[in-house]
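What follows is protein07.pdb (PDB, C-alpha atoms, pLDDT in the B column).
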```
ATOM      1  CA  ASP A   1      41.699  25.416  11.776  1.00 82.00           C
ATOM      2  CA  SER A   2      43.609  24.635   8.575  1.00 85.00           C
ATOM      3  CA  GLY A   3      47.020  25.278  10.114  1.00 93.00           C
ATOM      4  CA  VAL A   4      47.763  28.072   7.641  1.00 96.00           C
ATOM      5  CA  THR A   5      48.268  31.446   9.297  1.00 97.00           C
ATOM      6  CA  GLN A   6      47.849  34.745   7.505  1.00 97.00           C
ATOM      7  CA  THR A   7      48.590  38.208   8.839  1.00 97.00           C
ATOM      8  CA  PRO A   8      47.227  40.791   8.980  1.00 97.00           C
ATOM      9  CA  LYS A   9      43.555  39.795   8.843  1.00 96.00           C
ATOM     10  CA  HIS A  10      42.478  43.278   7.841  1.00 97.00           C
ATOM     11  CA  LEU A  11      44.419  46.125   6.302  1.00 97.00           C
ATOM     12  CA  ILE A  12      43.262  49.567   5.213  1.00 98.00           C
ATOM     13  CA  THR A  13      45.595  51.765   3.237  1.00 97.00           C
ATOM     14  CA  ALA A  14      45.634  54.518   0.641  1.00 97.00           C
ATOM     15  CA  THR A  15      46.226  54.489  -3.085  1.00 98.00           C
ATOM     16  CA  GLY A  16      49.877  54.526  -4.060  1.00 97.00           C
ATOM     17  CA  GLN A  17      50.999  52.797  -0.889  1.00 98.00           C
ATOM     18  CA  ARG A  18      52.790  49.469  -0.470  1.00 98.00           C
ATOM     19  CA  VAL A  19      51.767  46.603   1.806  1.00 98.00           C
ATOM     20  CA  THR A  20      53.122  43.189   2.711  1.00 98.00           C
ATOM     21  CA  LEU A  21      50.957  40.189   3.463  1.00 98.00           C
ATOM     22  CA  ARG A  22      52.458  37.296   5.344  1.00 98.00           C
ATOM     23  CA  CYS A  23      51.674  33.586   5.288  1.00 98.00           C
ATOM     24  CA  SER A  24      52.910  30.700   7.401  1.00 98.00           C
ATOM     25  CA  PRO A  25      52.088  27.338   5.814  1.00 97.00           C
ATOM     26  CA  ARG A  26      51.024  24.192   7.603  1.00 95.00           C
ATOM     27  CA  SER A  27      53.846  22.379   9.310  1.00 94.00           C
ATOM     28  CA  GLY A  28      55.561  20.163   6.743  1.00 91.00           C
ATOM     29  CA  ASP A  29      54.010  21.797   3.661  1.00 93.00           C
ATOM     30  CA  LEU A  30      56.568  22.970   1.133  1.00 93.00           C
ATOM     31  CA  SER A  31      54.238  24.635  -1.369  1.00 92.00           C
ATOM     32  CA  VAL A  32      52.633  28.020  -0.867  1.00 94.00           C
ATOM     33  CA  TYR A  33      50.007  29.503  -3.159  1.00 94.00           C
ATOM     34  CA  TRP A  34      48.572  33.011  -3.290  1.00 96.00           C
ATOM     35  CA  TYR A  35      45.074  33.756  -4.526  1.00 95.00           C
ATOM     36  CA  GLN A  36      43.108  36.979  -4.877  1.00 96.00           C
ATOM     37  CA  GLN A  37      39.349  36.891  -4.318  1.00 93.00           C
ATOM     38  CA  SER A  38      37.180  39.758  -5.491  1.00 91.00           C
ATOM     39  CA  LEU A  39      33.505  40.066  -6.312  1.00 84.00           C
ATOM     40  CA  ASP A  40      34.022  40.674 -10.016  1.00 83.00           C
ATOM     41  CA  GLN A  41      36.985  38.374 -10.732  1.00 84.00           C
ATOM     42  CA  GLY A  42      36.263  35.519  -8.349  1.00 87.00           C
ATOM     43  CA  LEU A  43      39.206  33.508  -7.023  1.00 90.00           C
ATOM     44  CA  GLN A  44      42.269  34.255  -9.124  1.00 92.00           C
ATOM     45  CA  PHE A  45      45.516  32.333  -8.831  1.00 91.00           C
ATOM     46  CA  LEU A  46      48.481  34.655  -8.434  1.00 95.00           C
ATOM     47  CA  ILE A  47      51.626  32.655  -7.800  1.00 94.00           C
ATOM     48  CA  GLN A  48      53.028  29.453  -6.295  1.00 92.00           C
ATOM     49  CA  TYR A  49      56.300  28.681  -4.551  1.00 93.00           C
ATOM     50  CA  TYR A  50      57.749  25.305  -3.697  1.00 91.00           C
ATOM     51  CA  ASN A  51      60.592  25.084  -1.217  1.00 93.00           C
ATOM     52  CA  GLY A  52      61.698  28.625  -1.972  1.00 95.00           C
ATOM     53  CA  GLU A  53      61.432  28.489  -5.748  1.00 93.00           C
ATOM     54  CA  GLU A  54      58.732  29.947  -7.951  1.00 93.00           C
ATOM     55  CA  ARG A  55      56.788  27.077  -9.529  1.00 89.00           C
ATOM     56  CA  ALA A  56      53.763  28.563 -11.255  1.00 88.00           C
ATOM     57  CA  LYS A  57      52.596  32.024 -12.135  1.00 90.00           C
ATOM     58  CA  GLY A  58      49.062  33.175 -12.750  1.00 89.00           C
ATOM     59  CA  ASN A  59      47.447  36.552 -13.154  1.00 84.00           C
ATOM     60  CA  ILE A  60      49.872  38.423 -10.957  1.00 93.00           C
ATOM     61  CA  LEU A  61      50.407  42.088 -11.753  1.00 95.00           C
ATOM     62  CA  GLU A  62      53.908  43.478 -12.153  1.00 96.00           C
ATOM     63  CA  ARG A  63      53.222  45.727  -9.158  1.00 97.00           C
ATOM     64  CA  PHE A  64      52.909  42.577  -7.049  1.00 97.00           C
ATOM     65  CA  SER A  65      55.733  40.309  -6.003  1.00 97.00           C
ATOM     66  CA  ALA A  66      56.154  37.380  -3.681  1.00 97.00           C
ATOM     67  CA  GLN A  67      58.819  35.224  -2.163  1.00 97.00           C
ATOM     68  CA  GLN A  68      59.178  32.176   0.023  1.00 97.00           C
ATOM     69  CA  PHE A  69      61.841  32.234   2.700  1.00 97.00           C
ATOM     70  CA  PRO A  70      64.065  29.389   3.974  1.00 96.00           C
ATOM     71  CA  ASP A  71      61.715  28.830   6.923  1.00 96.00           C
ATOM     72  CA  LEU A  72      58.972  28.347   4.268  1.00 96.00           C
ATOM     73  CA  HIS A  73      56.857  31.334   5.211  1.00 97.00           C
ATOM     74  CA  SER A  74      55.859  33.521   2.304  1.00 98.00           C
ATOM     75  CA  GLU A  75      55.209  37.185   1.753  1.00 98.00           C
ATOM     76  CA  LEU A  76      53.135  38.877  -0.925  1.00 98.00           C
ATOM     77  CA  ASN A  77      54.161  42.457  -1.615  1.00 98.00           C
ATOM     78  CA  LEU A  78      51.661  44.791  -3.237  1.00 98.00           C
ATOM     79  CA  SER A  79      52.928  48.188  -4.364  1.00 97.00           C
ATOM     80  CA  SER A  80      51.527  51.323  -6.011  1.00 97.00           C
ATOM     81  CA  LEU A  81      48.162  50.239  -4.748  1.00 98.00           C
ATOM     82  CA  GLU A  82      45.016  51.073  -6.692  1.00 97.00           C
ATOM     83  CA  LEU A  83      41.372  51.011  -5.661  1.00 96.00           C
ATOM     84  CA  GLY A  84      40.904  47.867  -7.714  1.00 95.00           C
ATOM     85  CA  ASP A  85      43.422  45.985  -5.591  1.00 96.00           C
ATOM     86  CA  SER A  86      40.911  45.893  -2.754  1.00 97.00           C
ATOM     87  CA  ALA A  87      40.213  42.210  -2.258  1.00 96.00           C
ATOM     88  CA  LEU A  88      40.612  39.218  -0.024  1.00 96.00           C
ATOM     89  CA  TYR A  89      44.026  37.634  -0.450  1.00 97.00           C
ATOM     90  CA  PHE A  90      44.302  33.972   0.415  1.00 96.00           C
ATOM     91  CA  CYS A  91      47.347  31.909   1.059  1.00 96.00           C
ATOM     92  CA  ALA A  92      47.186  28.141   0.747  1.00 94.00           C
ATOM     93  CA  SER A  93      49.712  25.424   1.313  1.00 93.00           C
ATOM     94  CA  SER A  94      50.211  21.821   0.288  1.00 90.00           C
ATOM     95  CA  VAL A  95      52.758  19.065   0.535  1.00 84.00           C
ATOM     96  CA  LEU A  96      53.110  18.481  -3.189  1.00 78.00           C
ATOM     97  CA  PRO A  97      55.125  20.597  -5.645  1.00 73.00           C
ATOM     98  CA  THR A  98      52.166  21.041  -7.979  1.00 67.00           C
ATOM     99  CA  GLY A  99      48.513  21.875  -7.441  1.00 57.00           C
ATOM    100  CA  SER A 100      47.637  18.424  -8.616  1.00 62.00           C
ATOM    101  CA  SER A 101      46.101  15.617  -6.642  1.00 66.00           C
ATOM    102  CA  GLY A 102      47.096  17.081  -3.341  1.00 67.00           C
ATOM    103  CA  GLU A 103      44.715  19.022  -1.169  1.00 82.00           C
ATOM    104  CA  LEU A 104      45.292  22.716  -0.657  1.00 89.00           C
ATOM    105  CA  PHE A 105      44.839  24.081   2.853  1.00 91.00           C
ATOM    106  CA  PHE A 106      43.671  27.677   2.948  1.00 93.00           C
ATOM    107  CA  GLY A 107      44.231  30.375   5.490  1.00 95.00           C
ATOM    108  CA  GLU A 108      41.421  32.705   6.510  1.00 94.00           C
ATOM    109  CA  GLY A 109      42.663  35.447   4.236  1.00 95.00           C
ATOM    110  CA  SER A 110      43.878  39.018   4.500  1.00 97.00           C
ATOM    111  CA  ARG A 111      41.270  41.599   3.585  1.00 96.00           C
ATOM    112  CA  LEU A 112      42.863  44.593   1.901  1.00 97.00           C
ATOM    113  CA  THR A 113      40.930  47.811   1.502  1.00 97.00           C
ATOM    114  CA  VAL A 114      42.480  50.573  -0.584  1.00 97.00           C
ATOM    115  CA  LEU A 115      40.920  54.001  -0.112  1.00 96.00           C
TER     116      LEU A 115
ATOM    117  CA  ALA B   1      45.229  25.578 -20.355  1.00 74.00           C
ATOM    118  CA  GLN B   2      42.589  24.255 -18.021  1.00 79.00           C
ATOM    119  CA  SER B   3      39.447  26.063 -16.884  1.00 86.00           C
ATOM    120  CA  VAL B   4      36.146  25.457 -15.135  1.00 92.00           C
ATOM    121  CA  THR B   5      32.709  26.935 -15.606  1.00 94.00           C
ATOM    122  CA  GLN B   6      30.144  26.862 -12.842  1.00 95.00           C
ATOM    123  CA  LEU B   7      26.609  27.207 -14.114  1.00 93.00           C
ATOM    124  CA  GLY B   8      24.548  29.434 -11.881  1.00 91.00           C
ATOM    125  CA  SER B   9      26.098  31.927  -9.510  1.00 93.00           C
ATOM    126  CA  HIS B  10      23.283  31.401  -7.027  1.00 96.00           C
ATOM    127  CA  VAL B  11      21.206  28.323  -6.213  1.00 97.00           C
ATOM    128  CA  SER B  12      18.353  28.280  -3.715  1.00 97.00           C
ATOM    129  CA  VAL B  13      16.806  25.130  -2.279  1.00 97.00           C
ATOM    130  CA  SER B  14      14.521  24.215   0.573  1.00 97.00           C
ATOM    131  CA  GLU B  15      15.755  22.231   3.523  1.00 97.00           C
ATOM    132  CA  GLY B  16      15.517  18.545   2.661  1.00 97.00           C
ATOM    133  CA  ALA B  17      15.583  19.124  -1.093  1.00 98.00           C
ATOM    134  CA  LEU B  18      18.168  17.837  -3.542  1.00 98.00           C
ATOM    135  CA  VAL B  19      21.234  20.004  -4.025  1.00 98.00           C
ATOM    136  CA  LEU B  20      22.739  20.100  -7.521  1.00 98.00           C
ATOM    137  CA  LEU B  21      25.621  22.441  -8.307  1.00 98.00           C
ATOM    138  CA  ARG B  22      26.937  22.278 -11.851  1.00 98.00           C
ATOM    139  CA  CYS B  23      30.522  22.371 -13.023  1.00 97.00           C
ATOM    140  CA  ASN B  24      32.006  21.848 -16.472  1.00 96.00           C
ATOM    141  CA  TYR B  25      35.708  21.750 -17.136  1.00 93.00           C
ATOM    142  CA  SER B  26      38.035  22.259 -20.044  1.00 89.00           C
ATOM    143  CA  SER B  27      41.360  20.490 -20.180  1.00 83.00           C
ATOM    144  CA  SER B  28      43.664  19.168 -22.868  1.00 77.00           C
ATOM    145  CA  VAL B  29      44.779  16.279 -20.671  1.00 79.00           C
ATOM    146  CA  PRO B  30      43.027  14.221 -17.980  1.00 79.00           C
ATOM    147  CA  PRO B  31      42.328  16.641 -15.170  1.00 85.00           C
ATOM    148  CA  TYR B  32      42.136  16.424 -11.446  1.00 89.00           C
ATOM    149  CA  LEU B  33      38.857  17.920 -10.198  1.00 91.00           C
ATOM    150  CA  PHE B  34      37.885  19.328  -6.851  1.00 93.00           C
ATOM    151  CA  TRP B  35      35.000  20.913  -4.988  1.00 96.00           C
ATOM    152  CA  TYR B  36      35.785  23.347  -2.217  1.00 95.00           C
ATOM    153  CA  VAL B  37      33.390  25.076   0.183  1.00 96.00           C
ATOM    154  CA  GLN B  38      33.752  28.507   1.747  1.00 94.00           C
ATOM    155  CA  TYR B  39      31.701  29.456   4.779  1.00 92.00           C
ATOM    156  CA  PRO B  40      31.313  33.158   5.629  1.00 87.00           C
ATOM    157  CA  ASN B  41      34.518  34.789   6.846  1.00 82.00           C
ATOM    158  CA  GLN B  42      36.504  31.600   6.425  1.00 86.00           C
ATOM    159  CA  GLY B  43      38.992  30.139   4.012  1.00 88.00           C
ATOM    160  CA  LEU B  44      38.174  27.391   1.553  1.00 91.00           C
ATOM    161  CA  GLN B  45      38.114  23.757   2.593  1.00 91.00           C
ATOM    162  CA  LEU B  46      38.095  20.647   0.462  1.00 92.00           C
ATOM    163  CA  LEU B  47      34.775  18.819   0.045  1.00 95.00           C
ATOM    164  CA  LEU B  48      35.932  16.095  -2.333  1.00 94.00           C
ATOM    165  CA  LYS B  49      38.294  15.387  -5.184  1.00 92.00           C
ATOM    166  CA  TYR B  50      38.622  13.203  -8.252  1.00 91.00           C
ATOM    167  CA  THR B  51      42.047  12.143  -9.413  1.00 86.00           C
ATOM    168  CA  THR B  52      41.842   8.674 -10.958  1.00 83.00           C
ATOM    169  CA  GLY B  53      39.781   5.538 -10.494  1.00 85.00           C
ATOM    170  CA  ALA B  54      36.141   5.523  -9.447  1.00 87.00           C
ATOM    171  CA  THR B  55      34.213   8.279 -11.154  1.00 90.00           C
ATOM    172  CA  LEU B  56      31.695   8.698  -8.329  1.00 95.00           C
ATOM    173  CA  VAL B  57      33.440  10.451  -5.488  1.00 95.00           C
ATOM    174  CA  LYS B  58      32.061  10.845  -1.990  1.00 96.00           C
ATOM    175  CA  GLY B  59      33.064  13.730   0.212  1.00 94.00           C
ATOM    176  CA  ILE B  60      32.356  15.227   3.563  1.00 93.00           C
ATOM    177  CA  ASN B  61      28.929  16.264   4.862  1.00 93.00           C
ATOM    178  CA  GLY B  62      27.054  13.894   2.544  1.00 96.00           C
ATOM    179  CA  PHE B  63      28.179  15.496  -0.715  1.00 97.00           C
ATOM    180  CA  GLU B  64      29.212  13.533  -3.770  1.00 97.00           C
ATOM    181  CA  ALA B  65      30.226  14.269  -7.346  1.00 97.00           C
ATOM    182  CA  GLU B  66      30.491  12.238 -10.517  1.00 95.00           C
ATOM    183  CA  PHE B  67      33.203  12.693 -13.109  1.00 94.00           C
ATOM    184  CA  LYS B  68      31.710  12.353 -16.595  1.00 94.00           C
ATOM    185  CA  LYS B  69      34.401  12.560 -19.219  1.00 91.00           C
ATOM    186  CA  SER B  70      31.973  12.452 -22.142  1.00 91.00           C
ATOM    187  CA  GLU B  71      30.155  15.489 -20.768  1.00 93.00           C
ATOM    188  CA  THR B  72      33.270  17.177 -19.318  1.00 93.00           C
ATOM    189  CA  SER B  73      31.297  17.624 -16.123  1.00 95.00           C
ATOM    190  CA  PHE B  74      31.825  17.218 -12.406  1.00 96.00           C
ATOM    191  CA  HIS B  75      28.508  18.170 -10.814  1.00 97.00           C
ATOM    192  CA  LEU B  76      28.139  18.255  -7.030  1.00 98.00           C
ATOM    193  CA  THR B  77      25.067  16.730  -5.394  1.00 98.00           C
ATOM    194  CA  LYS B  78      23.589  16.101  -1.988  1.00 98.00           C
ATOM    195  CA  PRO B  79      20.308  14.206  -1.576  1.00 97.00           C
ATOM    196  CA  SER B  80      18.927  16.332   1.246  1.00 97.00           C
ATOM    197  CA  ALA B  81      19.972  19.910   1.971  1.00 97.00           C
ATOM    198  CA  HIS B  82      20.570  21.128   5.489  1.00 96.00           C
ATOM    199  CA  MET B  83      20.575  24.717   6.694  1.00 96.00           C
ATOM    200  CA  SER B  84      24.250  24.359   7.529  1.00 95.00           C
ATOM    201  CA  ASP B  85      25.038  23.705   3.846  1.00 96.00           C
ATOM    202  CA  ALA B  86      24.499  27.376   3.028  1.00 96.00           C
ATOM    203  CA  ALA B  87      27.870  28.561   1.756  1.00 97.00           C
ATOM    204  CA  GLU B  88      29.777  29.317  -1.415  1.00 96.00           C
ATOM    205  CA  TYR B  89      30.974  26.337  -3.424  1.00 97.00           C
ATOM    206  CA  PHE B  90      33.888  26.342  -5.822  1.00 96.00           C
ATOM    207  CA  CYS B  91      34.737  23.816  -8.494  1.00 95.00           C
ATOM    208  CA  ALA B  92      38.438  23.618  -9.338  1.00 92.00           C
ATOM    209  CA  VAL B  93      40.694  21.863 -11.828  1.00 89.00           C
ATOM    210  CA  SER B  94      44.373  21.111 -11.914  1.00 84.00           C
ATOM    211  CA  LEU B  95      46.823  19.112 -13.970  1.00 75.00           C
ATOM    212  CA  ASN B  96      49.586  16.843 -12.807  1.00 65.00           C
ATOM    213  CA  GLN B  97      52.137  18.993 -14.556  1.00 67.00           C
ATOM    214  CA  ALA B  98      54.872  21.257 -13.334  1.00 63.00           C
ATOM    215  CA  GLY B  99      54.040  24.886 -13.713  1.00 63.00           C
ATOM    216  CA  THR B 100      50.307  24.457 -13.282  1.00 70.00           C
ATOM    217  CA  ALA B 101      48.153  25.348 -10.332  1.00 80.00           C
ATOM    218  CA  LEU B 102      44.651  24.825  -9.012  1.00 85.00           C
ATOM    219  CA  ILE B 103      42.246  26.953 -11.057  1.00 87.00           C
ATOM    220  CA  PHE B 104      38.874  27.812  -9.570  1.00 91.00           C
ATOM    221  CA  GLY B 105      35.499  28.552 -11.053  1.00 93.00           C
ATOM    222  CA  LYS B 106      33.684  31.730 -10.068  1.00 93.00           C
ATOM    223  CA  GLY B 107      31.703  29.981  -7.374  1.00 94.00           C
ATOM    224  CA  THR B 108      28.057  29.190  -6.655  1.00 96.00           C
ATOM    225  CA  THR B 109      26.326  30.525  -3.575  1.00 96.00           C
ATOM    226  CA  LEU B 110      23.955  27.992  -2.084  1.00 97.00           C
ATOM    227  CA  SER B 111      21.041  29.298  -0.029  1.00 97.00           C
ATOM    228  CA  VAL B 112      18.905  26.917   2.025  1.00 97.00           C
ATOM    229  CA  SER B 113      15.498  27.966   3.279  1.00 96.00           C
ATOM    230  CA  SER B 114      13.431  26.317   5.972  1.00 93.00           C
TER     231      SER B 114
END
```
Reformat the file's structure so that it appears as structure tokens.
Amino acid sequence: DSGVTQTPKHLITATGQRVTLRCSPRSGDLSVYWYQQSLDQGLQFLIQYYNGEERAKGNILERFSAQQFPDLHSELNLSSLELGDSALYFCASSVLPTGSSGELFFGEGSRLTVL
Amino acid sequence: AQSVTQLGSHVSVSEGALVLLRCNYSSSVPPYLFWYVQYPNQGLQLLLKYTTGATLVKGINGFEAEFKKSETSFHLTKPSAHMSDAAEYFCAVSLNQAGTALIFGKGTTLSVSS
């Protein structure tokens, strides 16, 4: 158990809908990272927050948004969903403000299926 | 920008054989390098990392990797494969700079046969 909690574990929805994925980081970790894992694209970095502020941005679509709340949990919002958004979404956390020499601790992921 | 390339999306070995998973990186500044493992239906977990210092890094479960700057490589090895090593392995790179994050390769699936 990494200590990172993601909900829901599985989610099935329709095209055009909006969903919210939630992540609770390990106790004491200030950084939260979101990654998307799909068969064709592999593990893609989406976005990072540190203590409530956006720190790094990757290949995140404009239809997607995220935030980190004062209690340090984070939410990833996916809107106007398309079939291609079906993937496993991972949240990870770390102590450090950058994805540098610190270890990232991953949750078990939220599997999104868009029909 | 930094990136990693993992050579071979699938590697198959026999139990007891040498495991060699290849990773090459691209970075404009000295990178930090990592290997992560993902077992089925689980998140990723850190196997080992190189930041500074000794270029041969030992990790969990008998794995090790050597940072070779001249070859821009960070290959993962294990002398003797075990059935429990079957998983997907990811090489990753990051920089000690604000605004950067851990970037992963596409992964290599390791199969171990008896």
Give me, as a PyMOL selection string, the contact residues of chain A against chain B at a cut-off of 12 Å, counting only C-alpha atoms. chain A and resi 1-6+9-10+31-50+53-59+88-94+96-111
Six-sided padding of 8 Å per side, axis-aligned box over range 36-50 of chain B, centre and edges in Å, one decimal, as lines of an AutoDock Vina configuration file:
```
center_x = 35.2
center_y = 24.0
center_z = -0.7
size_x = 23.7
size_y = 37.6
size_z = 31.1
```
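Going from CA of Leu47 in chain B to CA of Ala65 in chain B covers 9.8 Å.
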Hits of the PyMOL selection byres ((chain B and resi 73) around 6) in this structure, as a list in words: Cys23, Asn24, Lys68, Glu71, Thr72 and Phe74 of chain B
Taking into account only C-alpha atoms, which residue in the set A:Ser24, A:Ser80, A:Thr15, A:Thr113 is nearest to Gln68 in chain A? A:Ser24
Output check: residues returned by the PyMOL selection byres ((chain B and resi 13) around 8), as a count of residues only: 12
Excluding Asp71 in chain A and its own-chain neighbours fewer than 5 positions away, which residues fall within 10 Å of it when counting only C-alpha atoms? Please give them as a VMD selection string. chain A and resid 24 to 25 30 51 to 52
Going by the chain IDs and residue numbers used in this file, which residues fall under the PyMOL selection byres ((chain A and resi 83-85) around 7)? Write them as a ChimeraX atom specification. /A:15,81-82,86-87,114-115
Grab the CA of Lys78 in chain B to CA of Gln2 in chain B distance for me, in Å with one decimal place. 26.2 Å
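Atom to atom, CA of Val4 in chain B and CA of Ile60 in chain B stand 21.6 Å apart.
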Between B:Ala1, B:Ser80, B:Lys58, B:Ala87, smallest distance to Val29 in chain B by all atoms listed in the file belongs to B:Ala1
Residue nearest Arg18 in chain A - candidates A:Leu78, A:Val95, A:Pro70, A:Leu112, atoms counted: all atoms listed in the file: A:Leu78
Can you complete the atoms of range 43-61 of chain B to N, CA and C atoms and list them as a PDB file, in the coordinates of the input?
```
ATOM      1  N   GLY B  43      38.302  30.579   5.212  1.00 88.00           N
ATOM      2  CA  GLY B  43      38.992  30.139   4.012  1.00 88.00           C
ATOM      3  C   GLY B  43      38.275  28.969   3.379  1.00 88.00           C
ATOM      4  N   LEU B  44      38.791  28.516   2.257  1.00 91.00           N
ATOM      5  CA  LEU B  44      38.174  27.391   1.553  1.00 91.00           C
ATOM      6  C   LEU B  44      38.627  26.081   2.184  1.00 91.00           C
ATOM      7  N   GLN B  45      37.740  25.085   2.141  1.00 91.00           N
ATOM      8  CA  GLN B  45      38.114  23.757   2.593  1.00 91.00           C
ATOM      9  C   GLN B  45      37.624  22.727   1.593  1.00 91.00           C
ATOM     10  N   LEU B  46      38.374  21.658   1.465  1.00 92.00           N
ATOM     11  CA  LEU B  46      38.095  20.647   0.462  1.00 92.00           C
ATOM     12  C   LEU B  46      36.864  19.821   0.841  1.00 92.00           C
ATOM     13  N   LEU B  47      35.939  19.687  -0.122  1.00 95.00           N
ATOM     14  CA  LEU B  47      34.775  18.819   0.045  1.00 95.00           C
ATOM     15  C   LEU B  47      35.073  17.422  -0.481  1.00 95.00           C
ATOM     16  N   LEU B  48      35.615  17.374  -1.703  1.00 94.00           N
ATOM     17  CA  LEU B  48      35.932  16.095  -2.333  1.00 94.00           C
ATOM     18  C   LEU B  48      36.825  16.342  -3.534  1.00 94.00           C
ATOM     19  N   LYS B  49      37.421  15.260  -4.023  1.00 92.00           N
ATOM     20  CA  LYS B  49      38.294  15.387  -5.184  1.00 92.00           C
ATOM     21  C   LYS B  49      38.240  14.127  -6.031  1.00 92.00           C
ATOM     22  N   TYR B  50      38.470  14.309  -7.313  1.00 91.00           N
ATOM     23  CA  TYR B  50      38.622  13.203  -8.252  1.00 91.00           C
ATOM     24  C   TYR B  50      40.007  13.287  -8.860  1.00 91.00           C
ATOM     25  N   THR B  51      40.733  12.199  -8.764  1.00 86.00           N
ATOM     26  CA  THR B  51      42.047  12.143  -9.413  1.00 86.00           C
ATOM     27  C   THR B  51      42.042  11.037 -10.450  1.00 86.00           C
ATOM     28  N   THR B  52      41.958   9.801 -10.040  1.00 83.00           N
ATOM     29  CA  THR B  52      41.842   8.674 -10.958  1.00 83.00           C
ATOM     30  C   THR B  52      40.947   7.637 -10.303  1.00 83.00           C
ATOM     31  N   GLY B  53      40.556   6.624 -11.080  1.00 85.00           N
ATOM     32  CA  GLY B  53      39.781   5.538 -10.494  1.00 85.00           C
ATOM     33  C   GLY B  53      38.294   5.780 -10.556  1.00 85.00           C
ATOM     34  N   ALA B  54      37.602   5.453  -9.489  1.00 87.00           N
ATOM     35  CA  ALA B  54      36.141   5.523  -9.447  1.00 87.00           C
ATOM     36  C   ALA B  54      35.661   6.921  -9.783  1.00 87.00           C
ATOM     37  N   THR B  55      34.672   6.975 -10.679  1.00 90.00           N
ATOM     38  CA  THR B  55      34.213   8.279 -11.154  1.00 90.00           C
ATOM     39  C   THR B  55      33.199   8.919 -10.216  1.00 90.00           C
ATOM     40  N   LEU B  56      32.601   8.139  -9.336  1.00 95.00           N
ATOM     41  CA  LEU B  56      31.695   8.698  -8.329  1.00 95.00           C
ATOM     42  C   LEU B  56      32.503   8.886  -7.046  1.00 95.00           C
ATOM     43  N   VAL B  57      32.590  10.122  -6.634  1.00 95.00           N
ATOM     44  CA  VAL B  57      33.440  10.451  -5.488  1.00 95.00           C
ATOM     45  C   VAL B  57      32.567  10.944  -4.342  1.00 95.00           C
ATOM     46  N   LYS B  58      32.803  10.407  -3.172  1.00 96.00           N
ATOM     47  CA  LYS B  58      32.061  10.845  -1.990  1.00 96.00           C
ATOM     48  C   LYS B  58      32.941  11.753  -1.141  1.00 96.00           C
ATOM     49  N   GLY B  59      32.309  12.802  -0.602  1.00 94.00           N
ATOM     50  CA  GLY B  59      33.064  13.730   0.212  1.00 94.00           C
ATOM     51  C   GLY B  59      32.483  13.886   1.595  1.00 94.00           C
ATOM     52  N   ILE B  60      32.834  14.987   2.205  1.00 93.00           N
ATOM     53  CA  ILE B  60      32.356  15.227   3.563  1.00 93.00           C
ATOM     54  C   ILE B  60      30.936  15.787   3.546  1.00 93.00           C
ATOM     55  N   ASN B  61      30.270  15.684   4.673  1.00 93.00           N
ATOM     56  CA  ASN B  61      28.929  16.264   4.862  1.00 93.00           C
ATOM     57  C   ASN B  61      27.883  15.734   3.890  1.00 93.00           C
TER      58      ASN B  61
END
```
